[in-house]
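K.L.:
File protein-v4.cif below, mmCIF, C-alpha atoms:
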data_input
loop_
_atom_site.label_atom_id
_atom_site.label_comp_id
_atom_site.auth_asym_id
_atom_site.auth_seq_id
_atom_site.Cartn_x
_atom_site.Cartn_y
_atom_site.Cartn_z
CA MET A 28 91.71 43.44 183.10
CA ILE A 29 91.20 39.87 182.00
CA LEU A 30 94.05 38.92 179.71
CA PRO A 31 96.43 36.04 179.14
CA ILE A 32 100.03 37.07 179.58
CA GLU A 33 100.83 37.28 175.89
CA SER A 34 97.71 39.35 175.22
CA ALA A 35 98.57 41.63 178.08
CA VAL A 36 101.95 42.34 176.51
CA SER A 37 100.38 43.13 173.16
CA CYS A 38 97.74 45.22 174.86
CA ALA A 39 100.40 47.22 176.64
CA GLU A 40 102.10 47.84 173.32
CA ASN A 41 98.81 49.17 172.00
CA ASN A 42 98.29 51.55 174.90
CA CYS A 43 95.35 49.75 176.46
CA MET A 44 94.33 50.96 179.86
CA ASP A 45 94.01 48.79 182.92
CA SER A 46 90.31 49.45 182.97
CA ASP A 47 89.86 47.88 179.54
CA VAL A 48 88.40 44.41 179.58
CA ILE A 49 89.09 41.83 176.92
CA GLU A 50 87.38 38.51 177.24
CA GLY A 51 88.15 35.85 174.67
CA GLY A 52 89.93 38.44 172.57
CA VAL A 53 86.90 40.68 172.16
CA ALA A 54 87.28 44.29 173.15
CA THR A 55 84.45 46.03 174.86
CA ASP A 56 82.28 48.22 172.68
CA ALA A 57 83.31 51.26 174.67
CA SER A 58 87.01 50.78 174.18
CA ARG A 59 86.57 49.83 170.54
CA ALA A 60 84.59 53.00 170.02
CA GLN A 61 87.56 54.92 171.31
CA GLY A 62 89.59 53.60 168.41
CA ARG A 63 92.02 51.48 170.39
CA MET A 64 93.62 48.43 168.82
CA PHE A 65 93.38 45.11 170.59
CA PRO A 66 94.73 41.65 170.06
CA ALA A 67 92.23 38.89 169.41
CA VAL A 68 92.40 35.24 170.35
CA ARG A 69 91.74 32.52 167.81
CA VAL A 70 91.48 28.86 168.74
CA GLY A 71 91.12 25.78 166.57
CA ILE A 72 90.76 22.15 167.58
CA ASP A 73 90.45 18.93 165.61
CA LEU A 74 90.03 15.25 166.33
CA VAL A 75 91.12 12.49 163.95
CA HIS A 76 90.23 8.81 164.03
CA VAL A 77 93.59 7.06 163.68
CA PRO A 78 92.17 4.05 161.75
CA ASP A 79 91.01 6.53 159.10
CA VAL A 80 94.63 7.52 158.51
CA THR A 81 95.66 3.88 158.37
CA ALA A 82 92.91 3.25 155.82
CA SER A 83 93.96 6.24 153.72
CA ILE A 84 97.54 4.99 153.61
CA ALA A 85 96.31 1.54 152.59
CA GLU A 86 93.98 2.95 149.92
CA PHE A 87 96.05 5.77 148.44
CA GLY A 88 99.59 5.09 149.66
CA ASP A 89 102.18 7.69 148.76
CA ARG A 90 99.60 9.89 147.02
CA TYR A 91 97.87 10.42 150.34
CA LEU A 92 101.10 10.94 152.24
CA HIS A 93 102.65 13.35 149.79
CA ARG A 94 99.48 15.40 149.26
CA VAL A 95 98.94 16.01 152.96
CA TYR A 96 102.31 15.85 154.72
CA SER A 97 105.69 17.44 154.08
CA PRO A 98 108.78 15.25 153.64
CA GLY A 99 109.91 16.35 157.09
CA GLU A 100 106.63 15.34 158.66
CA ILE A 101 106.70 11.94 156.98
CA ALA A 102 110.26 11.43 158.22
CA ALA A 103 109.24 12.45 161.74
CA CYS A 104 106.46 9.86 161.65
CA THR A 105 108.69 7.06 160.38
CA SER A 106 110.56 4.84 162.79
CA ASP A 107 114.19 3.80 162.36
CA ARG A 108 112.85 0.51 161.02
CA GLY A 109 110.86 2.37 158.38
CA ASP A 110 107.43 1.90 159.92
CA LEU A 111 104.96 4.75 159.57
CA SER A 112 103.14 5.85 162.71
CA ALA A 113 99.48 6.45 161.84
CA GLU A 114 99.03 7.98 165.30
CA ARG A 115 101.65 10.64 164.70
CA LEU A 116 100.35 11.36 161.21
CA ALA A 117 96.82 11.67 162.59
CA ALA A 118 97.97 14.13 165.23
CA ARG A 119 99.73 16.21 162.58
CA PHE A 120 96.62 16.21 160.42
CA ALA A 121 94.61 17.37 163.42
CA ALA A 122 97.10 20.18 163.98
CA LYS A 123 96.84 21.34 160.35
CA GLU A 124 93.06 21.35 160.54
CA ALA A 125 93.15 23.13 163.90
CA VAL A 126 95.18 25.91 162.25
CA VAL A 127 92.64 26.14 159.43
CA LYS A 128 89.78 26.32 161.90
CA ALA A 129 91.50 29.01 163.93
CA LEU A 130 92.67 31.25 161.10
CA ARG A 131 89.79 30.55 158.68
CA PRO A 132 91.45 31.37 155.35
CA ALA A 133 89.13 32.66 152.65
CA TYR A 134 91.20 30.94 149.98
CA GLY A 135 92.44 27.46 149.20
CA ILE A 136 95.42 26.23 151.14
CA ASP A 137 97.53 23.13 150.73
CA TYR A 138 97.96 21.20 153.98
CA ARG A 139 101.65 20.84 153.20
CA SER A 140 102.07 24.58 153.63
CA ILE A 141 101.11 24.17 157.29
CA GLU A 142 104.02 22.07 158.49
CA ILE A 143 104.30 20.73 162.02
CA VAL A 144 107.90 20.85 163.18
CA ARG A 145 109.74 20.32 166.42
CA GLU A 146 111.60 23.06 168.24
CA ALA A 147 115.01 22.31 169.75
CA ASP A 148 113.38 21.60 173.11
CA GLY A 149 110.99 19.11 171.51
CA ALA A 150 107.92 21.31 171.59
CA PRO A 151 105.81 21.28 168.42
CA SER A 152 105.29 24.42 166.38
CA ILE A 153 103.97 25.40 162.97
CA ASP A 154 106.21 26.33 160.04
CA PHE A 155 104.17 28.28 157.50
CA GLY A 156 107.11 28.67 155.14
CA THR A 157 108.33 31.90 153.63
CA ALA A 158 106.15 31.89 150.53
CA GLY A 159 102.97 30.30 149.35
CA ALA A 160 99.54 30.03 150.91
CA GLY A 161 100.81 29.18 154.38
CA ALA A 162 102.95 32.30 154.62
CA HIS A 163 100.10 34.39 153.21
CA LEU A 164 97.70 32.92 155.74
CA LEU A 165 100.03 33.77 158.60
CA ALA A 166 100.49 37.33 157.36
CA ASP A 167 96.82 37.88 156.54
CA SER A 168 95.77 36.64 159.95
CA GLY A 169 98.10 39.02 161.77
CA VAL A 170 99.37 36.34 164.11
CA ILE A 171 101.46 37.88 166.88
CA SER A 172 102.05 34.73 168.88
CA ALA A 173 100.77 31.18 168.66
CA SER A 174 101.07 27.75 170.17
CA VAL A 175 100.09 24.26 169.10
CA SER A 176 99.64 21.12 171.16
CA LEU A 177 99.23 17.57 169.87
CA THR A 178 98.19 14.34 171.49
CA HIS A 179 97.10 10.82 170.64
CA ASP A 180 95.76 7.92 172.63
CA GLY A 181 94.52 4.68 171.16
CA GLU A 182 92.31 5.28 168.15
CA TYR A 183 92.17 9.05 168.44
CA ALA A 184 94.54 11.93 167.87
CA SER A 185 93.84 15.56 168.54
CA ALA A 186 95.45 18.97 168.36
CA VAL A 187 94.73 22.49 169.55
CA TYR A 188 96.11 25.64 167.94
CA MET A 189 95.83 28.98 169.67
CA ALA A 190 96.90 32.28 168.19
CA ILE A 191 96.98 35.86 169.39
CA THR A 192 96.30 38.07 166.40
CA ASP A 193 96.43 41.76 165.70
CA PHE A 194 92.84 42.89 166.09
CA SER A 195 93.27 45.34 163.24
CA THR A 196 93.91 42.49 160.83
CA THR A 197 90.85 40.64 159.63
CA ALA A 198 91.31 37.05 158.55
CA GLY A 199 89.16 35.43 155.91
CA THR A 200 85.64 34.52 156.78
CA SER A 201 85.87 30.80 156.15
CA GLN A 202 86.45 28.13 153.59
CA THR A 203 89.40 25.82 153.70
CA THR A 204 90.42 22.47 153.01
CA THR A 205 90.42 19.18 152.63
CA GLY A 206 94.01 18.60 153.46
CA ALA A 207 101.20 15.34 163.34
CA ALA A 208 102.49 14.00 167.34
CA ARG A 209 105.33 13.06 169.16
CA MET B 18 71.24 12.39 137.47
CA SER B 19 74.30 12.99 135.32
CA GLU B 20 76.99 10.36 135.06
CA ARG B 21 79.45 12.71 136.74
CA THR B 22 77.11 13.32 139.66
CA GLU B 23 76.55 9.59 140.01
CA THR B 24 80.30 9.04 140.18
CA ILE B 25 80.58 11.72 142.86
CA ARG B 26 77.88 10.01 144.89
CA ASN B 27 79.58 6.63 144.51
CA ILE B 28 82.86 8.07 145.77
CA LEU B 29 81.10 9.81 148.66
CA SER B 30 79.51 6.47 149.57
CA LYS B 31 82.89 4.78 149.69
CA HIS B 32 85.05 7.52 151.19
CA GLY B 33 82.80 10.23 152.67
CA LYS B 34 81.87 8.51 155.93
CA LEU B 35 78.42 10.09 155.67
CA ASN B 36 75.79 9.28 158.24
CA GLY B 37 73.19 8.55 155.57
CA SER B 38 73.10 7.45 151.99
CA ALA B 39 75.11 9.49 149.51
CA ASP B 40 72.62 8.43 146.86
CA THR B 41 69.79 10.42 148.33
CA ILE B 42 71.37 13.50 149.89
CA GLY B 43 70.26 16.69 148.16
CA GLU B 44 72.74 18.22 145.77
CA ASP B 45 72.79 21.43 147.81
CA LYS B 46 72.74 19.83 151.25
CA SER B 47 75.85 20.21 153.40
CA LEU B 48 78.01 17.13 153.30
CA TYR B 49 79.71 18.29 156.49
CA SER B 50 76.37 18.28 158.25
CA ALA B 51 75.88 14.78 156.85
CA GLY B 52 79.09 13.56 158.50
CA LEU B 53 81.89 14.41 156.07
CA THR B 54 85.06 15.10 158.07
CA SER B 55 88.02 17.15 156.92
CA HIS B 56 90.10 13.99 156.76
CA ALA B 57 87.43 12.14 154.78
CA SER B 58 87.30 15.04 152.34
CA VAL B 59 90.95 14.34 151.53
CA ASN B 60 90.01 10.79 150.60
CA VAL B 61 87.13 12.05 148.49
CA MET B 62 89.52 14.40 146.72
CA LEU B 63 92.06 11.67 146.04
CA ALA B 64 89.38 9.27 144.80
CA LEU B 65 87.96 11.92 142.45
CA GLU B 66 91.46 12.64 141.17
CA ASP B 67 91.98 8.95 140.47
CA GLU B 68 88.61 8.58 138.80
CA PHE B 69 88.89 11.61 136.52
CA ASP B 70 92.68 11.72 136.14
CA ILE B 71 92.87 15.27 137.45
CA GLU B 72 94.50 17.14 140.30
CA PHE B 73 92.70 19.65 142.46
CA PRO B 74 94.77 22.87 142.45
CA GLU B 75 95.41 24.68 145.71
CA ARG B 76 92.84 27.37 144.93
CA MET B 77 90.15 24.69 145.04
CA LEU B 78 91.26 23.22 148.36
CA THR B 79 88.60 25.09 150.26
CA ARG B 80 85.91 23.92 152.60
CA SER B 81 83.25 25.11 150.16
CA THR B 82 84.55 22.93 147.30
CA PHE B 83 83.64 19.85 149.33
CA GLU B 84 80.55 21.31 150.97
CA THR B 85 77.93 19.88 148.60
CA VAL B 86 77.49 17.48 145.72
CA ALA B 87 76.68 20.47 143.52
CA ASN B 88 79.92 22.21 144.48
CA LEU B 89 81.96 19.08 143.76
CA LYS B 90 80.25 18.74 140.39
CA SER B 91 80.98 22.39 139.64
CA ALA B 92 84.64 21.93 140.59
CA LEU B 93 84.95 18.88 138.37
CA ASP B 94 83.21 20.64 135.49
CA ASN B 95 85.65 23.49 135.94
CA LEU B 96 88.72 21.23 136.03
CA LEU B 97 87.66 18.96 133.20
CA GLY B 98 86.58 21.95 131.13
CA GLU B 99 89.97 23.52 131.69
CA GLU B 100 91.69 20.35 130.57
CA MET B 101 89.59 20.08 127.44
CA SER B 102 90.39 23.65 126.46
CA VAL B 103 94.15 23.16 126.72
#
Kindly transcribe the structure held in the file into structure tokens.
P.N.:
Amino acid sequence: MILPIESAVSCAENNCMDSDVIEGGVATDASRAQGRMFPAVRVGIDLVHVPDVTASIAEFGDRYLHRVYSPGEIAACTSDRGDLSAERLAARFAAKEAVVKALRPAYGIDYRSIEIVREADGAPSIDFGTAGAGAHLLADSGVISASVSLTHDGEYASAVYMAITDFSTTAGTSQTTTGAAR
Amino acid sequence: MSERTETIRNILSKHGKLNGSADTIGEDKSLYSAGLTSHASVNVMLALEDEFDIEFPERMLTRSTFETVANLKSALDNLLGEEMSV
């Protein structure tokens, strides 16, 4: 059985057998034919050029910031002196887009409904809210467990989002938008 | 070329970060294949909103809206038509 730990747990809950093989979240044809339910793995990644974020702030100012980022995200990317960190904003944008790429909503979604927050231990996570497109996306995608990781170095920021989803839930087939770190 | 389409192409030239000229790309050719990034599409959206004094609603914030010049024109026609009928 080839499974990450979290998938293995979900698989056990769905009565998979040790002989079942799931690679990259795809069940074998034989086990699918037997009607078993499997988790699936979805991964999204995005890379953002930090100077592009700097340019957007210069060109569109608050309109750019408040159309893409939540108030909490803007605060998290603002220093005590009031300086915005384009690197942190770029990493957050990458994380939002990574979520979109992984979950592939079939409907429009506002980037602000995919909010990058910090857990108590400092690890980043995604807050999809309790209503609105973000919450719908999370529910529609059948996410069982997920993790996000952000990074930036020099002119580039990147993020990876990985989710384990209920195989019985089918996310949209594509189409989403136009539009965080340490 | 309609005036609206010309405006779209001008904005794509300035904000789309396309690999080639926005003036010559086919109306149904993928802008993403031509170099449009998700972040650049935000700038295109904001520039179109400024130019036409509109706001893209959430239902239009899809990848397909920004996929082609034709789709952007259709979205604008839809939004501006809606405004005129109010």
K.L.:
Pick from B:Ile71, B:Leu97, B:Ala92, B:Val61: nearest to chain A, with only C-alpha atoms counted?
P.N.:
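The shortest atom-to-atom distance to chain A comes from B:Val61.
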K.L.:
List, as an MDAnalysis selection string, every residue that the PyMOL selection byres ((chain B) within 6 of (chain A)) selects in the file provided.
P.N.:
chainID B and resid 55 58:59 75:81
K.L.:
Taking 3 positions as the minimum chain separation for residues in the same chain, which residues sit within 10 Å of B:Leu48 when counting only C-alpha atoms? Answer as a list in words.
P.N.:
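In the requested format, the answer is Leu29, Gly33, Lys34, Leu35, Asn36, Ala39, Ile42, Gly43, Glu44, Asp45, Ala51, Gly52, Leu53, Thr54, Ser58, Phe83, Glu84, Thr85 and Val86 of chain B.
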K.L.:
Evaluate the PyMOL selection byres ((chain A and resi 144-152) around 9) here and jot the selected residues down as a PDB file with C-alpha atoms, in the coordinates of the input.
P.N.:
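Here's the written file selection.pdb:
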ATOM      1  CA  GLY A  99     109.910  16.350 157.090  1.00  0.00           C
ATOM      2  CA  GLU A 100     106.630  15.340 158.660  1.00  0.00           C
ATOM      3  CA  ALA A 103     109.240  12.450 161.740  1.00  0.00           C
ATOM      4  CA  GLU A 142     104.020  22.070 158.490  1.00  0.00           C
ATOM      5  CA  ILE A 143     104.300  20.730 162.020  1.00  0.00           C
ATOM      6  CA  ILE A 153     103.970  25.400 162.970  1.00  0.00           C
ATOM      7  CA  ASP A 154     106.210  26.330 160.040  1.00  0.00           C
ATOM      8  CA  ALA A 173     100.770  31.180 168.660  1.00  0.00           C
ATOM      9  CA  SER A 174     101.070  27.750 170.170  1.00  0.00           C
ATOM     10  CA  VAL A 175     100.090  24.260 169.100  1.00  0.00           C
ATOM     11  CA  SER A 176      99.640  21.120 171.160  1.00  0.00           C
ATOM     12  CA  LEU A 177      99.230  17.570 169.870  1.00  0.00           C
ATOM     13  CA  ALA A 207     101.200  15.340 163.340  1.00  0.00           C
ATOM     14  CA  ALA A 208     102.490  14.000 167.340  1.00  0.00           C
ATOM     15  CA  ARG A 209     105.330  13.060 169.160  1.00  0.00           C
TER      16      ARG A 209
END
K.L.:
To one decimal place in Å, what is the distance between atom CA of A:Met189 and atom CA of A:Ala113?
P.N.:
24.1 Å
K.L.:
Kindly give the distance, in Å, that separates atom CA of A:Thr157 and atom CA of A:Val170, rounded to a single decimal.
P.N.:
14.5 Å
K.L.:
Provide the atom CA of A:Ile72 to atom CA of B:Phe73 distance in Å, to one decimal place.
P.N.:
25.3 Å
K.L.:
Under the PyMOL selection byres ((chain A and resi 168) around 12), which residues of this model are included? Write them out as a ChimeraX atom specification.
P.N.:
/A:66-69,126-127,129-133,160-167,169-173,190-200
K.L.:
Between B:Lys46, B:His56, B:Lys90, B:His32, which is the closest to B:Phe69 once you count all atoms listed in the file?
P.N.:
B:Lys90
K.L.:
Have a look at B:Leu89, B:Ser50, B:Asp67, B:Thr82 and name the one nearest to B:Arg26; count all atoms listed in the file.
P.N.:
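Looking at the shortest contact to B:Arg26, the residue is B:Leu89.
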K.L.:
If I only have part of stretch 54-88 of chain B, can you fill in N, CA and C atoms and write it as a PDB file, in the frame of the given file?
P.N.:
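result-v5.pdb, freshly written:
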ATOM      1  N   THR B  54      84.009  14.476 157.259  1.00  0.00           N
ATOM      2  CA  THR B  54      85.060  15.100 158.070  1.00  0.00           C
ATOM      3  C   THR B  54      86.119  15.694 157.147  1.00  0.00           C
ATOM      4  N   SER B  55      86.955  16.557 157.720  1.00  0.00           N
ATOM      5  CA  SER B  55      88.020  17.150 156.920  1.00  0.00           C
ATOM      6  C   SER B  55      88.954  16.066 156.391  1.00  0.00           C
ATOM      7  N   HIS B  56      89.210  15.053 157.216  1.00  0.00           N
ATOM      8  CA  HIS B  56      90.100  13.990 156.760  1.00  0.00           C
ATOM      9  C   HIS B  56      89.427  13.154 155.671  1.00  0.00           C
ATOM     10  N   ALA B  57      88.136  12.901 155.813  1.00  0.00           N
ATOM     11  CA  ALA B  57      87.430  12.140 154.780  1.00  0.00           C
ATOM     12  C   ALA B  57      87.380  12.916 153.473  1.00  0.00           C
ATOM     13  N   SER B  58      87.336  14.239 153.571  1.00  0.00           N
ATOM     14  CA  SER B  58      87.300  15.040 152.340  1.00  0.00           C
ATOM     15  C   SER B  58      88.590  14.883 151.540  1.00  0.00           C
ATOM     16  N   VAL B  59      89.691  14.614 152.235  1.00  0.00           N
ATOM     17  CA  VAL B  59      90.950  14.340 151.530  1.00  0.00           C
ATOM     18  C   VAL B  59      90.809  13.055 150.711  1.00  0.00           C
ATOM     19  N   ASN B  60      90.212  12.050 151.323  1.00  0.00           N
ATOM     20  CA  ASN B  60      90.010  10.790 150.600  1.00  0.00           C
ATOM     21  C   ASN B  60      89.082  10.963 149.406  1.00  0.00           C
ATOM     22  N   VAL B  61      88.051  11.762 149.599  1.00  0.00           N
ATOM     23  CA  VAL B  61      87.130  12.050 148.490  1.00  0.00           C
ATOM     24  C   VAL B  61      87.889  12.736 147.354  1.00  0.00           C
ATOM     25  N   MET B  62      88.721  13.703 147.724  1.00  0.00           N
ATOM     26  CA  MET B  62      89.520  14.400 146.720  1.00  0.00           C
ATOM     27  C   MET B  62      90.427  13.436 145.962  1.00  0.00           C
ATOM     28  N   LEU B  63      91.135  12.601 146.694  1.00  0.00           N
ATOM     29  CA  LEU B  63      92.060  11.670 146.040  1.00  0.00           C
ATOM     30  C   LEU B  63      91.316  10.677 145.143  1.00  0.00           C
ATOM     31  N   ALA B  64      90.161  10.217 145.597  1.00  0.00           N
ATOM     32  CA  ALA B  64      89.380   9.270 144.800  1.00  0.00           C
ATOM     33  C   ALA B  64      88.856   9.935 143.526  1.00  0.00           C
ATOM     34  N   LEU B  65      88.426  11.191 143.642  1.00  0.00           N
ATOM     35  CA  LEU B  65      87.960  11.920 142.450  1.00  0.00           C
ATOM     36  C   LEU B  65      89.123  12.142 141.481  1.00  0.00           C
ATOM     37  N   GLU B  66      90.286  12.443 142.030  1.00  0.00           N
ATOM     38  CA  GLU B  66      91.460  12.640 141.170  1.00  0.00           C
ATOM     39  C   GLU B  66      91.798  11.351 140.418  1.00  0.00           C
ATOM     40  N   ASP B  67      91.710  10.239 141.124  1.00  0.00           N
ATOM     41  CA  ASP B  67      91.980   8.950 140.470  1.00  0.00           C
ATOM     42  C   ASP B  67      90.950   8.664 139.378  1.00  0.00           C
ATOM     43  N   GLU B  68      89.702   8.913 139.716  1.00  0.00           N
ATOM     44  CA  GLU B  68      88.610   8.580 138.800  1.00  0.00           C
ATOM     45  C   GLU B  68      88.663   9.417 137.514  1.00  0.00           C
ATOM     46  N   PHE B  69      88.954  10.703 137.672  1.00  0.00           N
ATOM     47  CA  PHE B  69      88.890  11.610 136.520  1.00  0.00           C
ATOM     48  C   PHE B  69      90.268  11.992 135.991  1.00  0.00           C
ATOM     49  N   ASP B  70      91.310  11.434 136.570  1.00  0.00           N
ATOM     50  CA  ASP B  70      92.680  11.720 136.140  1.00  0.00           C
ATOM     51  C   ASP B  70      92.949  13.229 136.139  1.00  0.00           C
ATOM     52  N   ILE B  71      92.668  13.823 137.277  1.00  0.00           N
ATOM     53  CA  ILE B  71      92.870  15.270 137.450  1.00  0.00           C
ATOM     54  C   ILE B  71      93.627  15.505 138.742  1.00  0.00           C
ATOM     55  N   GLU B  72      93.941  16.770 139.000  1.00  0.00           N
ATOM     56  CA  GLU B  72      94.500  17.140 140.300  1.00  0.00           C
ATOM     57  C   GLU B  72      93.868  18.448 140.741  1.00  0.00           C
ATOM     58  N   PHE B  73      93.301  18.434 141.929  1.00  0.00           N
ATOM     59  CA  PHE B  73      92.700  19.650 142.460  1.00  0.00           C
ATOM     60  C   PHE B  73      93.812  20.668 142.749  1.00  0.00           C
ATOM     61  N   PRO B  74      93.749  21.844 142.145  1.00  0.00           N
ATOM     62  CA  PRO B  74      94.770  22.870 142.450  1.00  0.00           C
ATOM     63  C   PRO B  74      94.503  23.478 143.823  1.00  0.00           C
ATOM     64  N   GLU B  75      95.518  24.131 144.356  1.00  0.00           N
ATOM     65  CA  GLU B  75      95.410  24.680 145.710  1.00  0.00           C
ATOM     66  C   GLU B  75      94.225  25.633 145.857  1.00  0.00           C
ATOM     67  N   ARG B  76      93.934  26.397 144.809  1.00  0.00           N
ATOM     68  CA  ARG B  76      92.840  27.370 144.930  1.00  0.00           C
ATOM     69  C   ARG B  76      91.502  26.690 145.181  1.00  0.00           C
ATOM     70  N   MET B  77      91.408  25.411 144.825  1.00  0.00           N
ATOM     71  CA  MET B  77      90.150  24.690 145.040  1.00  0.00           C
ATOM     72  C   MET B  77      90.125  23.927 146.375  1.00  0.00           C
ATOM     73  N   LEU B  78      91.216  23.966 147.093  1.00  0.00           N
ATOM     74  CA  LEU B  78      91.260  23.220 148.360  1.00  0.00           C
ATOM     75  C   LEU B  78      90.630  24.053 149.469  1.00  0.00           C
ATOM     76  N   THR B  79      89.360  24.326 149.282  1.00  0.00           N
ATOM     77  CA  THR B  79      88.600  25.090 150.260  1.00  0.00           C
ATOM     78  C   THR B  79      87.498  24.219 150.839  1.00  0.00           C
ATOM     79  N   ARG B  80      87.007  24.647 151.971  1.00  0.00           N
ATOM     80  CA  ARG B  80      85.910  23.920 152.600  1.00  0.00           C
ATOM     81  C   ARG B  80      84.684  23.907 151.678  1.00  0.00           C
ATOM     82  N   SER B  81      84.460  25.004 150.985  1.00  0.00           N
ATOM     83  CA  SER B  81      83.250  25.110 150.160  1.00  0.00           C
ATOM     84  C   SER B  81      83.281  24.155 148.976  1.00  0.00           C
ATOM     85  N   THR B  82      84.468  23.850 148.444  1.00  0.00           N
ATOM     86  CA  THR B  82      84.550  22.930 147.300  1.00  0.00           C
ATOM     87  C   THR B  82      83.921  21.583 147.646  1.00  0.00           C
ATOM     88  N   PHE B  83      84.092  21.172 148.904  1.00  0.00           N
ATOM     89  CA  PHE B  83      83.640  19.850 149.330  1.00  0.00           C
ATOM     90  C   PHE B  83      82.346  19.917 150.146  1.00  0.00           C
ATOM     91  N   GLU B  84      81.731  21.084 150.130  1.00  0.00           N
ATOM     92  CA  GLU B  84      80.550  21.310 150.970  1.00  0.00           C
ATOM     93  C   GLU B  84      79.321  20.555 150.468  1.00  0.00           C
ATOM     94  N   THR B  85      79.138  20.515 149.157  1.00  0.00           N
ATOM     95  CA  THR B  85      77.930  19.880 148.600  1.00  0.00           C
ATOM     96  C   THR B  85      78.269  19.083 147.346  1.00  0.00           C
ATOM     97  N   VAL B  86      77.343  18.225 146.974  1.00  0.00           N
ATOM     98  CA  VAL B  86      77.490  17.480 145.720  1.00  0.00           C
ATOM     99  C   VAL B  86      77.552  18.462 144.542  1.00  0.00           C
ATOM    100  N   ALA B  87      76.715  19.481 144.600  1.00  0.00           N
ATOM    101  CA  ALA B  87      76.680  20.470 143.520  1.00  0.00           C
ATOM    102  C   ALA B  87      78.028  21.189 143.396  1.00  0.00           C
ATOM    103  N   ASN B  88      78.627  21.530 144.525  1.00  0.00           N
ATOM    104  CA  ASN B  88      79.920  22.210 144.480  1.00  0.00           C
ATOM    105  C   ASN B  88      81.011  21.295 143.929  1.00  0.00           C
TER     106      ASN B  88
END
